[in-house]
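Trainee: Got entry_0.pdb for you, PDB, C-alpha atoms and all ligand atoms:
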```pdb
ATOM      1  CA  MET A   1       0.000   0.000   0.000  1.00  0.00           C
ATOM      2  CA  VAL A   2       1.389   3.416  -1.061  1.00  0.00           C
ATOM      3  CA  LEU A   3      -0.622   6.076   0.766  1.00  0.00           C
ATOM      4  CA  LYS A   4      -1.210   9.578  -0.558  1.00  0.00           C
ATOM      5  CA  LEU A   5      -2.941  12.297   1.489  1.00  0.00           C
ATOM      6  CA  ILE A   6      -4.534  15.315  -0.184  1.00  0.00           C
ATOM      7  CA  SER A   7      -4.284  18.191   2.271  1.00  0.00           C
ATOM      8  CA  ALA A   8      -4.401  21.995   2.455  1.00  0.00           C
ATOM      9  CA  THR A   9      -2.070  24.156   4.530  1.00  0.00           C
ATOM     10  CA  PRO A  10      -4.729  25.658   6.875  1.00  0.00           C
ATOM     11  CA  SER A  11      -6.923  22.549   7.147  1.00  0.00           C
ATOM     12  CA  PRO A  12      -7.555  21.490  10.754  1.00  0.00           C
ATOM     13  CA  TYR A  13      -9.326  18.363   9.464  1.00  0.00           C
ATOM     14  CA  ALA A  14      -6.317  17.326   7.344  1.00  0.00           C
ATOM     15  CA  ARG A  15      -3.990  18.143  10.248  1.00  0.00           C
ATOM     16  CA  LYS A  16      -5.718  15.492  12.379  1.00  0.00           C
ATOM     17  CA  VAL A  17      -4.913  12.868   9.733  1.00  0.00           C
ATOM     18  CA  ARG A  18      -1.307  14.078   9.327  1.00  0.00           C
ATOM     19  CA  ILE A  19      -0.803  13.934  13.107  1.00  0.00           C
ATOM     20  CA  ALA A  20      -2.269  10.413  13.335  1.00  0.00           C
ATOM     21  CA  LEU A  21      -0.104   9.087  10.472  1.00  0.00           C
ATOM     22  CA  HIS A  22       2.972  10.701  12.024  1.00  0.00           C
ATOM     23  CA  GLU A  23       2.262   9.357  15.524  1.00  0.00           C
ATOM     24  CA  LYS A  24       1.762   5.846  14.106  1.00  0.00           C
ATOM     25  CA  GLY A  25       4.888   6.073  11.932  1.00  0.00           C
ATOM     26  CA  ILE A  26       2.925   5.360   8.733  1.00  0.00           C
ATOM     27  CA  PRO A  27       4.699   6.665   5.597  1.00  0.00           C
ATOM     28  CA  PHE A  28       2.615   8.638   3.108  1.00  0.00           C
ATOM     29  CA  GLU A  29       2.978  11.155   0.282  1.00  0.00           C
ATOM     30  CA  LEU A  30       1.569  14.573   1.161  1.00  0.00           C
ATOM     31  CA  VAL A  31      -0.174  16.457  -1.642  1.00  0.00           C
ATOM     32  CA  THR A  32      -0.966  20.059  -0.704  1.00  0.00           C
ATOM     33  CA  GLU A  33      -3.572  21.985  -2.684  1.00  0.00           C
ATOM     34  CA  VAL A  34      -6.327  24.604  -2.513  1.00  0.00           C
ATOM     35  CA  PRO A  35      -9.614  22.659  -2.703  1.00  0.00           C
ATOM     36  CA  TRP A  36     -11.493  25.854  -3.535  1.00  0.00           C
ATOM     37  CA  ASP A  37      -9.568  26.504  -6.764  1.00  0.00           C
ATOM     38  CA  ASN A  38     -10.491  24.863 -10.083  1.00  0.00           C
ATOM     39  CA  THR A  39      -7.040  23.249 -10.130  1.00  0.00           C
ATOM     40  CA  THR A  40      -7.992  20.928  -7.256  1.00  0.00           C
ATOM     41  CA  GLU A  41      -7.733  17.146  -7.729  1.00  0.00           C
ATOM     42  CA  THR A  42      -9.943  16.460  -4.681  1.00  0.00           C
ATOM     43  CA  PRO A  43     -13.193  15.908  -6.684  1.00  0.00           C
ATOM     44  CA  GLN A  44     -11.462  13.080  -8.599  1.00  0.00           C
ATOM     45  CA  HIS A  45     -11.305  11.138  -5.325  1.00  0.00           C
ATOM     46  CA  ASN A  46     -14.179  12.490  -3.190  1.00  0.00           C
ATOM     47  CA  PRO A  47     -17.661  13.115  -4.712  1.00  0.00           C
ATOM     48  CA  LEU A  48     -18.200  15.575  -1.840  1.00  0.00           C
ATOM     49  CA  GLU A  49     -15.207  17.574  -3.154  1.00  0.00           C
ATOM     50  CA  LYS A  50     -13.660  17.959   0.294  1.00  0.00           C
ATOM     51  CA  LEU A  51     -10.189  17.243   1.569  1.00  0.00           C
ATOM     52  CA  PRO A  52      -8.579  15.526   3.413  1.00  0.00           C
ATOM     53  CA  VAL A  53      -8.669  12.482   1.168  1.00  0.00           C
ATOM     54  CA  LEU A  54      -6.461   9.463   1.855  1.00  0.00           C
ATOM     55  CA  PHE A  55      -5.930   6.841  -0.825  1.00  0.00           C
ATOM     56  CA  ASP A  56      -3.708   3.989  -1.889  1.00  0.00           C
ATOM     57  CA  THR A  57      -2.120   4.984  -5.195  1.00  0.00           C
ATOM     58  CA  GLU A  58      -2.368   1.306  -6.198  1.00  0.00           C
ATOM     59  CA  ASP A  59      -6.125   1.219  -5.485  1.00  0.00           C
ATOM     60  CA  LEU A  60      -7.568   4.549  -6.631  1.00  0.00           C
ATOM     61  CA  ASP A  61     -11.190   3.370  -6.458  1.00  0.00           C
ATOM     62  CA  ASN A  62     -11.160   3.104  -2.667  1.00  0.00           C
ATOM     63  CA  ALA A  63     -10.368   6.600  -1.487  1.00  0.00           C
ATOM     64  CA  VAL A  64     -11.172   7.430   2.144  1.00  0.00           C
ATOM     65  CA  TYR A  65     -12.638  10.841   3.089  1.00  0.00           C
ATOM     66  CA  GLU A  66     -14.204  12.755   6.002  1.00  0.00           C
ATOM     67  CA  SER A  67     -11.438  13.183   8.576  1.00  0.00           C
ATOM     68  CA  HIS A  68     -13.236  11.358  11.420  1.00  0.00           C
ATOM     69  CA  PHE A  69     -13.798   8.355   9.115  1.00  0.00           C
ATOM     70  CA  ILE A  70     -10.194   8.505   7.851  1.00  0.00           C
ATOM     71  CA  LEU A  71      -8.996   8.291  11.466  1.00  0.00           C
ATOM     72  CA  ASP A  72     -11.247   5.282  12.132  1.00  0.00           C
ATOM     73  CA  TRP A  73      -9.935   3.698   8.900  1.00  0.00           C
ATOM     74  CA  ILE A  74      -6.315   4.279   9.920  1.00  0.00           C
ATOM     75  CA  GLU A  75      -6.928   2.751  13.351  1.00  0.00           C
ATOM     76  CA  TYR A  76      -8.598  -0.291  11.716  1.00  0.00           C
ATOM     77  CA  LYS A  77      -5.900  -0.805   9.040  1.00  0.00           C
ATOM     78  CA  TYR A  78      -2.936  -0.034  11.333  1.00  0.00           C
ATOM     79  CA  PRO A  79      -3.941  -1.417  14.758  1.00  0.00           C
ATOM     80  CA  SER A  80      -1.951  -1.682  17.960  1.00  0.00           C
ATOM     81  CA  PRO A  81       0.307  -3.275  19.094  1.00  0.00           C
ATOM     82  CA  GLU A  82       2.033  -3.199  15.687  1.00  0.00           C
ATOM     83  CA  TYR A  83       1.265   0.531  15.581  1.00  0.00           C
ATOM     84  CA  LEU A  84       0.669   3.077  18.342  1.00  0.00           C
ATOM     85  CA  GLY A  85      -3.016   2.820  19.346  1.00  0.00           C
ATOM     86  CA  LEU A  86      -4.764   6.203  19.184  1.00  0.00           C
ATOM     87  CA  MET A  87      -8.050   5.054  20.687  1.00  0.00           C
ATOM     88  CA  PRO A  88      -8.630   4.816  24.468  1.00  0.00           C
ATOM     89  CA  GLU A  89      -8.551   1.371  26.080  1.00  0.00           C
ATOM     90  CA  THR A  90     -12.245   1.114  27.012  1.00  0.00           C
ATOM     91  CA  LYS A  91     -15.241   1.388  24.660  1.00  0.00           C
ATOM     92  CA  GLU A  92     -16.796   4.007  26.965  1.00  0.00           C
ATOM     93  CA  ASN A  93     -13.683   6.188  26.721  1.00  0.00           C
ATOM     94  CA  GLU A  94     -13.473   5.631  22.961  1.00  0.00           C
ATOM     95  CA  LEU A  95     -17.023   6.989  22.676  1.00  0.00           C
ATOM     96  CA  PHE A  96     -16.019   9.990  24.802  1.00  0.00           C
ATOM     97  CA  ALA A  97     -12.958  10.621  22.605  1.00  0.00           C
ATOM     98  CA  LYS A  98     -15.248  10.594  19.563  1.00  0.00           C
ATOM     99  CA  LYS A  99     -17.571  13.049  21.342  1.00  0.00           C
ATOM    100  CA  VAL A 100     -14.575  15.352  21.858  1.00  0.00           C
ATOM    101  CA  GLN A 101     -13.923  15.071  18.109  1.00  0.00           C
ATOM    102  CA  VAL A 102     -17.593  16.033  17.435  1.00  0.00           C
ATOM    103  CA  ILE A 103     -17.080  19.243  19.421  1.00  0.00           C
ATOM    104  CA  ALA A 104     -13.673  19.971  17.883  1.00  0.00           C
ATOM    105  CA  ASP A 105     -14.865  19.391  14.306  1.00  0.00           C
ATOM    106  CA  GLY A 106     -18.015  21.399  15.055  1.00  0.00           C
ATOM    107  CA  ILE A 107     -15.896  24.372  16.131  1.00  0.00           C
ATOM    108  CA  CYS A 108     -13.933  24.030  12.868  1.00  0.00           C
ATOM    109  CA  ASP A 109     -17.167  23.845  10.844  1.00  0.00           C
ATOM    110  CA  ALA A 110     -18.462  27.062  12.467  1.00  0.00           C
ATOM    111  CA  CYS A 111     -15.114  28.793  11.817  1.00  0.00           C
ATOM    112  CA  VAL A 112     -15.218  27.829   8.132  1.00  0.00           C
ATOM    113  CA  LEU A 113     -18.778  29.181   7.836  1.00  0.00           C
ATOM    114  CA  MET A 114     -17.707  32.475   9.471  1.00  0.00           C
ATOM    115  CA  PHE A 115     -14.649  32.696   7.207  1.00  0.00           C
ATOM    116  CA  PHE A 116     -16.762  32.500   4.064  1.00  0.00           C
ATOM    117  CA  GLU A 117     -19.570  34.676   5.436  1.00  0.00           C
ATOM    118  CA  LYS A 118     -16.969  37.444   5.731  1.00  0.00           C
ATOM    119  CA  GLN A 119     -16.243  37.049   1.983  1.00  0.00           C
ATOM    120  CA  ARG A 120     -19.852  37.890   1.048  1.00  0.00           C
ATOM    121  CA  SER A 121     -20.686  41.354  -0.269  1.00  0.00           C
ATOM    122  CA  SER A 122     -23.078  41.860   2.690  1.00  0.00           C
ATOM    123  CA  PRO A 123     -22.236  39.380   5.473  1.00  0.00           C
ATOM    124  CA  SER A 124     -25.136  38.397   7.747  1.00  0.00           C
ATOM    125  CA  GLN A 125     -24.446  39.528  11.322  1.00  0.00           C
ATOM    126  CA  GLU A 126     -27.081  37.113  12.629  1.00  0.00           C
ATOM    127  CA  TRP A 127     -25.509  34.162  10.844  1.00  0.00           C
ATOM    128  CA  THR A 128     -21.993  35.161  11.987  1.00  0.00           C
ATOM    129  CA  SER A 129     -23.154  35.583  15.617  1.00  0.00           C
ATOM    130  CA  ARG A 130     -24.785  32.157  15.511  1.00  0.00           C
ATOM    131  CA  GLN A 131     -21.522  30.535  14.326  1.00  0.00           C
ATOM    132  CA  ARG A 132     -19.513  32.474  16.890  1.00  0.00           C
ATOM    133  CA  ARG A 133     -21.788  31.107  19.642  1.00  0.00           C
ATOM    134  CA  LYS A 134     -20.966  27.574  18.493  1.00  0.00           C
ATOM    135  CA  VAL A 135     -17.229  28.317  18.616  1.00  0.00           C
ATOM    136  CA  ASP A 136     -17.508  29.850  22.098  1.00  0.00           C
ATOM    137  CA  GLY A 137     -19.755  27.058  23.404  1.00  0.00           C
ATOM    138  CA  GLY A 138     -17.445  24.395  22.005  1.00  0.00           C
ATOM    139  CA  LEU A 139     -14.357  26.018  23.525  1.00  0.00           C
ATOM    140  CA  ASN A 140     -16.095  26.312  26.887  1.00  0.00           C
ATOM    141  CA  GLN A 141     -16.822  22.577  26.751  1.00  0.00           C
ATOM    142  CA  LEU A 142     -13.248  21.682  25.732  1.00  0.00           C
ATOM    143  CA  ALA A 143     -11.899  23.836  28.594  1.00  0.00           C
ATOM    144  CA  ALA A 144     -14.163  22.039  31.083  1.00  0.00           C
ATOM    145  CA  TRP A 145     -13.037  18.621  29.814  1.00  0.00           C
ATOM    146  CA  ALA A 146      -9.369  19.615  29.777  1.00  0.00           C
ATOM    147  CA  ALA A 147      -9.407  21.002  33.352  1.00  0.00           C
ATOM    148  CA  ASP A 148      -5.753  20.613  34.395  1.00  0.00           C
ATOM    149  CA  ARG A 149      -5.284  17.246  32.625  1.00  0.00           C
ATOM    150  CA  GLU A 150      -2.247  16.385  30.511  1.00  0.00           C
ATOM    151  CA  PHE A 151      -4.443  14.378  28.108  1.00  0.00           C
ATOM    152  CA  LEU A 152      -8.219  14.417  27.727  1.00  0.00           C
ATOM    153  CA  VAL A 153      -8.785  10.676  28.168  1.00  0.00           C
ATOM    154  CA  GLU A 154      -7.067   7.885  30.158  1.00  0.00           C
ATOM    155  CA  ASP A 155      -3.868   9.890  30.756  1.00  0.00           C
ATOM    156  CA  LYS A 156      -2.511   8.949  27.328  1.00  0.00           C
ATOM    157  CA  PHE A 157      -2.382  10.650  23.920  1.00  0.00           C
ATOM    158  CA  THR A 158      -5.512   9.671  21.960  1.00  0.00           C
ATOM    159  CA  LEU A 159      -7.840  10.719  19.182  1.00  0.00           C
ATOM    160  CA  ALA A 160      -9.377  13.235  21.616  1.00  0.00           C
ATOM    161  CA  ASP A 161      -6.080  15.131  21.866  1.00  0.00           C
ATOM    162  CA  ILE A 162      -5.567  15.025  18.101  1.00  0.00           C
ATOM    163  CA  ALA A 163      -9.001  16.551  17.513  1.00  0.00           C
ATOM    164  CA  ALA A 164      -8.849  19.126  20.325  1.00  0.00           C
ATOM    165  CA  GLY A 165      -5.229  20.043  19.581  1.00  0.00           C
ATOM    166  CA  SER A 166      -5.961  20.504  15.895  1.00  0.00           C
ATOM    167  CA  VAL A 167      -8.849  22.936  16.378  1.00  0.00           C
ATOM    168  CA  LEU A 168      -6.909  24.953  18.981  1.00  0.00           C
ATOM    169  CA  GLY A 169      -3.935  25.137  16.622  1.00  0.00           C
ATOM    170  CA  TYR A 170      -6.307  26.282  13.854  1.00  0.00           C
ATOM    171  CA  LEU A 171      -7.703  29.108  16.006  1.00  0.00           C
ATOM    172  CA  ARG A 172      -4.146  30.286  16.739  1.00  0.00           C
ATOM    173  CA  VAL A 173      -3.595  30.826  13.004  1.00  0.00           C
ATOM    174  CA  ARG A 174      -7.010  31.618  11.502  1.00  0.00           C
ATOM    175  CA  PHE A 175      -8.811  33.381  14.355  1.00  0.00           C
ATOM    176  CA  GLN A 176      -6.007  35.129  16.219  1.00  0.00           C
ATOM    177  CA  ASP A 177      -8.432  37.725  17.614  1.00  0.00           C
ATOM    178  CA  HIS A 178     -10.393  35.100  19.568  1.00  0.00           C
ATOM    179  CA  PRO A 179      -9.535  35.509  23.304  1.00  0.00           C
ATOM    180  CA  TRP A 180      -9.693  31.768  24.163  1.00  0.00           C
ATOM    181  CA  GLN A 181      -6.093  31.725  25.430  1.00  0.00           C
ATOM    182  CA  GLN A 182      -6.896  34.482  27.932  1.00  0.00           C
ATOM    183  CA  ASP A 183     -10.360  33.105  28.750  1.00  0.00           C
ATOM    184  CA  TYR A 184      -9.063  29.555  29.339  1.00  0.00           C
ATOM    185  CA  PRO A 185      -5.405  29.507  30.526  1.00  0.00           C
ATOM    186  CA  ASN A 186      -5.711  25.760  31.161  1.00  0.00           C
ATOM    187  CA  LEU A 187      -6.706  25.183  27.530  1.00  0.00           C
ATOM    188  CA  LYS A 188      -3.762  27.302  26.342  1.00  0.00           C
ATOM    189  CA  GLN A 189      -1.349  25.286  28.474  1.00  0.00           C
ATOM    190  CA  TYR A 190      -2.918  22.053  27.173  1.00  0.00           C
ATOM    191  CA  SER A 191      -2.532  23.296  23.579  1.00  0.00           C
ATOM    192  CA  ASP A 192       1.053  24.443  24.167  1.00  0.00           C
ATOM    193  CA  ARG A 193       1.973  20.962  25.415  1.00  0.00           C
ATOM    194  CA  LEU A 194       0.469  19.295  22.340  1.00  0.00           C
ATOM    195  CA  GLU A 195       2.157  21.777  19.966  1.00  0.00           C
ATOM    196  CA  ALA A 196       5.508  20.616  21.394  1.00  0.00           C
ATOM    197  CA  ARG A 197       4.985  17.077  19.980  1.00  0.00           C
ATOM    198  CA  GLU A 198       6.890  16.278  16.765  1.00  0.00           C
ATOM    199  CA  SER A 199       3.608  15.353  15.038  1.00  0.00           C
ATOM    200  CA  PHE A 200       2.277  18.849  15.802  1.00  0.00           C
ATOM    201  CA  LYS A 201       5.536  20.717  15.134  1.00  0.00           C
ATOM    202  CA  THR A 202       5.692  19.296  11.603  1.00  0.00           C
ATOM    203  CA  THR A 203       2.028  20.067  10.782  1.00  0.00           C
ATOM    204  CA  VAL A 204       1.500  23.672  11.956  1.00  0.00           C
ATOM    205  CA  PRO A 205      -1.287  25.227   9.834  1.00  0.00           C
ATOM    206  CA  THR A 206      -0.503  28.163   7.548  1.00  0.00           C
ATOM    207  CA  PRO A 207      -2.884  30.386   5.538  1.00  0.00           C
ATOM    208  CA  GLN A 208      -3.528  29.672   1.856  1.00  0.00           C
ATOM    209  CA  THR A 209      -4.383  31.979  -1.053  1.00  0.00           C
ATOM    210  CA  ILE A 210      -7.713  31.141  -2.741  1.00  0.00           C
ATOM    211  CA  LYS A 211      -7.671  32.328  -6.381  1.00  0.00           C
ATOM    212  CA  ASP A 212     -11.223  31.461  -7.455  1.00  0.00           C
ATOM    213  CA  ARG A 213     -14.399  33.276  -6.329  1.00  0.00           C
ATOM    214  CA  ILE A 214     -16.136  31.046  -3.769  1.00  0.00           C
ATOM    215  CA  VAL A 215     -19.235  32.909  -2.559  1.00  0.00           C
TER     216      VAL A 215
HETATM  217  N1  LIG B 301     -16.200  17.239   7.536  1.00  0.00           N
HETATM  218  C1  LIG B 301     -15.043  17.307   6.697  1.00  0.00           C
HETATM  219  C2  LIG B 301     -14.690  18.772   6.444  1.00  0.00           C
HETATM  220  C3  LIG B 301     -13.560  18.928   5.443  1.00  0.00           C
HETATM  221  C4  LIG B 301     -13.531  20.310   4.823  1.00  0.00           C
HETATM  222  O1  LIG B 301     -14.431  21.151   5.042  1.00  0.00           O
HETATM  223  N2  LIG B 301     -12.480  20.546   4.041  1.00  0.00           N
HETATM  224  C5  LIG B 301     -12.361  21.815   3.301  1.00  0.00           C
HETATM  225  C6  LIG B 301     -10.947  22.359   3.304  1.00  0.00           C
HETATM  226  S1  LIG B 301     -10.452  22.940   4.860  1.00  0.00           S
HETATM  227  O2  LIG B 301     -11.531  23.793   5.361  1.00  0.00           O
HETATM  228  O3  LIG B 301     -10.262  21.777   5.711  1.00  0.00           O
HETATM  229  O4  LIG B 301      -9.197  23.690   4.659  1.00  0.00           O
HETATM  230  C7  LIG B 301     -12.728  21.554   1.838  1.00  0.00           C
HETATM  231  O5  LIG B 301     -12.177  20.657   1.228  1.00  0.00           O
HETATM  232  N3  LIG B 301     -13.630  22.391   1.313  1.00  0.00           N
HETATM  233  C8  LIG B 301     -13.964  22.324  -0.104  1.00  0.00           C
HETATM  234  C9  LIG B 301     -15.474  22.315  -0.276  1.00  0.00           C
HETATM  235  O6  LIG B 301     -16.185  22.305   0.762  1.00  0.00           O
HETATM  236  O7  LIG B 301     -15.914  22.324  -1.433  1.00  0.00           O
HETATM  237  C10 LIG B 301     -13.877  16.540   7.339  1.00  0.00           C
HETATM  238  O8  LIG B 301     -13.912  16.387   8.569  1.00  0.00           O
HETATM  239  O9  LIG B 301     -12.973  16.059   6.641  1.00  0.00           O
END
```
Could you render the structure from this file as structure tokens?
Mentor:
Amino acid sequence: MVLKLISATPSPYARKVRIALHEKGIPFELVTEVPWDNTTETPQHNPLEKLPVLFDTEDLDNAVYESHFILDWIEYKYPSPEYLGLMPETKENELFAKKVQVIADGICDACVLMFFEKQRSSPSQEWTSRQRRKVDGGLNQLAAWAADREFLVEDKFTLADIAAGSVLGYLRVRFQDHPWQQDYPNLKQYSDRLEARESFKTTVPTPQTIKDRIV
């Protein structure tokens, strides 16, 4: 199997996959693109036209997409003990880790909606406020779960930390004016610790330039 990952420099969803592959020591080719531009190859592999997309270059008909599903797929295809396990030990805690991912991805979704609302000729204040409430509510929940813990579940690095760390790293780059680091010092310290991991250091998000008109 020769894995290729289609990613974009700011993508918090793709960063989760990059972190997981790095933590498990799984080799892959990284393809970086702008999924919003007409030059994107993403639609060739995902009918939903979204990245990240992970596929075996020797089996192009079985691409894997939707970051949460990609992470489940990776865990299934590259299980412990041969590879580092990224799921908690118990089923209950695995479900909680996936609930953390729901919140983290939901914060990302609301951020993306706000980002594009700002591009509109007359952005809706009501719509933007609604998305901002989701970001703030999600961060409040992550801060409560993090408390003063090193990791969110079972005192080991899991999917929950990949998801939470990725959205916090995304806010640092794409929503620098959000005061979450002042509002939740514990969450900032938690994020700082994760950003010190090699898998995070080598996947720090950076802005991209979108050439085509999107909205
Ligand atoms: N739910 C998806 C969201 C993925 C997503 O929205 N990807 C964006 C790029 S980024 O926001 O992650 O940078 C995309 O490809 N958008 C293109 C489109 O929506 O047509 C996931 O978890 O993978």
Trainee: Output as CSV one row per residue of chain A within 6 Å of ligand LIG 301 (chain B): the closest atom pair and its distance in Å to one decimal place, counting only C-alpha atoms and all ligand atoms, sorted by chain and residue number ascending.
Mentor:
```
residue,atom,partner,partner_atom,distance
A:Ala8,CA,B:LIG301,O4,5.5
A:Pro10,CA,B:LIG301,O4,5.4
A:Ser11,CA,B:LIG301,O4,3.6
A:Pro12,CA,B:LIG301,O3,5.7
A:Tyr13,CA,B:LIG301,O8,5.1
A:Pro35,CA,B:LIG301,C8,5.1
A:Trp36,CA,B:LIG301,C8,5.5
A:Glu49,CA,B:LIG301,O7,5.1
A:Lys50,CA,B:LIG301,O5,3.2
A:Leu51,CA,B:LIG301,O5,4.0
A:Pro52,CA,B:LIG301,O9,5.5
A:Glu66,CA,B:LIG301,O9,3.6
A:Ser67,CA,B:LIG301,O9,3.8
A:His68,CA,B:LIG301,O8,5.8
```
Trainee: Produce a file of the selected residues containing C-alpha atoms, as a PDB file, keeping the file's coordinate frame.
Mentor:
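The resulting file, part34.pdb, is shown below:
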```pdb
ATOM      1  CA  ALA A   8      -4.401  21.995   2.455  1.00  0.00           C
ATOM      2  CA  PRO A  10      -4.729  25.658   6.875  1.00  0.00           C
ATOM      3  CA  SER A  11      -6.923  22.549   7.147  1.00  0.00           C
ATOM      4  CA  PRO A  12      -7.555  21.490  10.754  1.00  0.00           C
ATOM      5  CA  TYR A  13      -9.326  18.363   9.464  1.00  0.00           C
ATOM      6  CA  PRO A  35      -9.614  22.659  -2.703  1.00  0.00           C
ATOM      7  CA  TRP A  36     -11.493  25.854  -3.535  1.00  0.00           C
ATOM      8  CA  GLU A  49     -15.207  17.574  -3.154  1.00  0.00           C
ATOM      9  CA  LYS A  50     -13.660  17.959   0.294  1.00  0.00           C
ATOM     10  CA  LEU A  51     -10.189  17.243   1.569  1.00  0.00           C
ATOM     11  CA  PRO A  52      -8.579  15.526   3.413  1.00  0.00           C
ATOM     12  CA  GLU A  66     -14.204  12.755   6.002  1.00  0.00           C
ATOM     13  CA  SER A  67     -11.438  13.183   8.576  1.00  0.00           C
ATOM     14  CA  HIS A  68     -13.236  11.358  11.420  1.00  0.00           C
TER      15      HIS A  68
END
```
Trainee: Selected by the PyMOL selection byres (((chain A and resi 105-110) around 12) and not hetatm) in the shown coordinates: which residues, as a PDB file with C-alpha atoms, in the frame of the given file?
Mentor:
```
ATOM      1  CA  PRO A  10      -4.729  25.658   6.875  1.00  0.00           C
ATOM      2  CA  SER A  11      -6.923  22.549   7.147  1.00  0.00           C
ATOM      3  CA  PRO A  12      -7.555  21.490  10.754  1.00  0.00           C
ATOM      4  CA  TYR A  13      -9.326  18.363   9.464  1.00  0.00           C
ATOM      5  CA  ALA A  14      -6.317  17.326   7.344  1.00  0.00           C
ATOM      6  CA  ARG A  15      -3.990  18.143  10.248  1.00  0.00           C
ATOM      7  CA  LYS A  16      -5.718  15.492  12.379  1.00  0.00           C
ATOM      8  CA  GLU A  66     -14.204  12.755   6.002  1.00  0.00           C
ATOM      9  CA  SER A  67     -11.438  13.183   8.576  1.00  0.00           C
ATOM     10  CA  HIS A  68     -13.236  11.358  11.420  1.00  0.00           C
ATOM     11  CA  LYS A  98     -15.248  10.594  19.563  1.00  0.00           C
ATOM     12  CA  LYS A  99     -17.571  13.049  21.342  1.00  0.00           C
ATOM     13  CA  VAL A 100     -14.575  15.352  21.858  1.00  0.00           C
ATOM     14  CA  GLN A 101     -13.923  15.071  18.109  1.00  0.00           C
ATOM     15  CA  VAL A 102     -17.593  16.033  17.435  1.00  0.00           C
ATOM     16  CA  ILE A 103     -17.080  19.243  19.421  1.00  0.00           C
ATOM     17  CA  ALA A 104     -13.673  19.971  17.883  1.00  0.00           C
ATOM     18  CA  CYS A 111     -15.114  28.793  11.817  1.00  0.00           C
ATOM     19  CA  VAL A 112     -15.218  27.829   8.132  1.00  0.00           C
ATOM     20  CA  LEU A 113     -18.778  29.181   7.836  1.00  0.00           C
ATOM     21  CA  MET A 114     -17.707  32.475   9.471  1.00  0.00           C
ATOM     22  CA  PHE A 115     -14.649  32.696   7.207  1.00  0.00           C
ATOM     23  CA  PHE A 116     -16.762  32.500   4.064  1.00  0.00           C
ATOM     24  CA  GLU A 117     -19.570  34.676   5.436  1.00  0.00           C
ATOM     25  CA  TRP A 127     -25.509  34.162  10.844  1.00  0.00           C
ATOM     26  CA  THR A 128     -21.993  35.161  11.987  1.00  0.00           C
ATOM     27  CA  SER A 129     -23.154  35.583  15.617  1.00  0.00           C
ATOM     28  CA  ARG A 130     -24.785  32.157  15.511  1.00  0.00           C
ATOM     29  CA  GLN A 131     -21.522  30.535  14.326  1.00  0.00           C
ATOM     30  CA  ARG A 132     -19.513  32.474  16.890  1.00  0.00           C
ATOM     31  CA  ARG A 133     -21.788  31.107  19.642  1.00  0.00           C
ATOM     32  CA  LYS A 134     -20.966  27.574  18.493  1.00  0.00           C
ATOM     33  CA  VAL A 135     -17.229  28.317  18.616  1.00  0.00           C
ATOM     34  CA  ASP A 136     -17.508  29.850  22.098  1.00  0.00           C
ATOM     35  CA  GLY A 137     -19.755  27.058  23.404  1.00  0.00           C
ATOM     36  CA  GLY A 138     -17.445  24.395  22.005  1.00  0.00           C
ATOM     37  CA  LEU A 139     -14.357  26.018  23.525  1.00  0.00           C
ATOM     38  CA  ASN A 140     -16.095  26.312  26.887  1.00  0.00           C
ATOM     39  CA  GLN A 141     -16.822  22.577  26.751  1.00  0.00           C
ATOM     40  CA  LEU A 142     -13.248  21.682  25.732  1.00  0.00           C
ATOM     41  CA  ALA A 160      -9.377  13.235  21.616  1.00  0.00           C
ATOM     42  CA  ILE A 162      -5.567  15.025  18.101  1.00  0.00           C
ATOM     43  CA  ALA A 163      -9.001  16.551  17.513  1.00  0.00           C
ATOM     44  CA  ALA A 164      -8.849  19.126  20.325  1.00  0.00           C
ATOM     45  CA  GLY A 165      -5.229  20.043  19.581  1.00  0.00           C
ATOM     46  CA  SER A 166      -5.961  20.504  15.895  1.00  0.00           C
ATOM     47  CA  VAL A 167      -8.849  22.936  16.378  1.00  0.00           C
ATOM     48  CA  LEU A 168      -6.909  24.953  18.981  1.00  0.00           C
ATOM     49  CA  GLY A 169      -3.935  25.137  16.622  1.00  0.00           C
ATOM     50  CA  TYR A 170      -6.307  26.282  13.854  1.00  0.00           C
ATOM     51  CA  LEU A 171      -7.703  29.108  16.006  1.00  0.00           C
ATOM     52  CA  ARG A 174      -7.010  31.618  11.502  1.00  0.00           C
ATOM     53  CA  PHE A 175      -8.811  33.381  14.355  1.00  0.00           C
TER      54      PHE A 175
END
```
Trainee: On this structure, which residues satisfy the PyMOL selection byres (((chain A and resi 41) around 12) and not hetatm), written as an NGL selection string?
Mentor: :A and (5-8 or 31-40 or 42-47 or 49-53)
Trainee: Could you write out as a list in words the residues that the PyMOL selection byres (((chain A and resi 88) around 9) and not hetatm) matches in the shown file?
Mentor: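 Selected by the PyMOL selection byres (((chain A and resi 88) around 9) and not hetatm) here: Gly85, Leu86, Met87, Glu89, Thr90, Lys91, Glu92, Asn93, Glu94, Leu95, Ala97, Val153, Glu154, Lys156, Phe157, Thr158, Leu159 and Ala160 of chain A.
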Trainee: In Å, with one decimal, what is the gap from CA of Gln119 (chain A) to CA of Tyr184 (chain A)?
Mentor: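 Separation between CA of Gln119 (chain A) and CA of Tyr184 (chain A): 29.3 Å.
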Trainee: Dig up all the protein and nucleic acid residues within 12 Å of (8.3, 15.8, 7.5) in the file frame, using all atoms listed in the file, and format them as a ChimeraX atom specification.
Mentor: /A:18-19,21-23,25-30,198-204
Trainee: Restricting the calculation to only C-alpha atoms, which member of A:Val215, A:Val17, A:Leu3, A:Leu152 is positioned closest to Ser122 (chain A)?
Mentor: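 Nearest candidate to Ser122 (chain A) out of A:Val215, A:Val17, A:Leu3, A:Leu152: A:Val215.
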Trainee: Please measure the separation of CA of Leu48 (chain A) and CA of Glu126 (chain A), giving the value in Å to one decimal.
Mentor: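 Taking CA of Leu48 (chain A) as the start and CA of Glu126 (chain A) as the end point, the length is 27.4 Å.
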Trainee: So what do you get for CA of Met1 (chain A) versus CA of Trp73 (chain A), distance-wise?
Mentor: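 Result for CA of Met1 (chain A) versus CA of Trp73 (chain A): 13.8 Å, one decimal.
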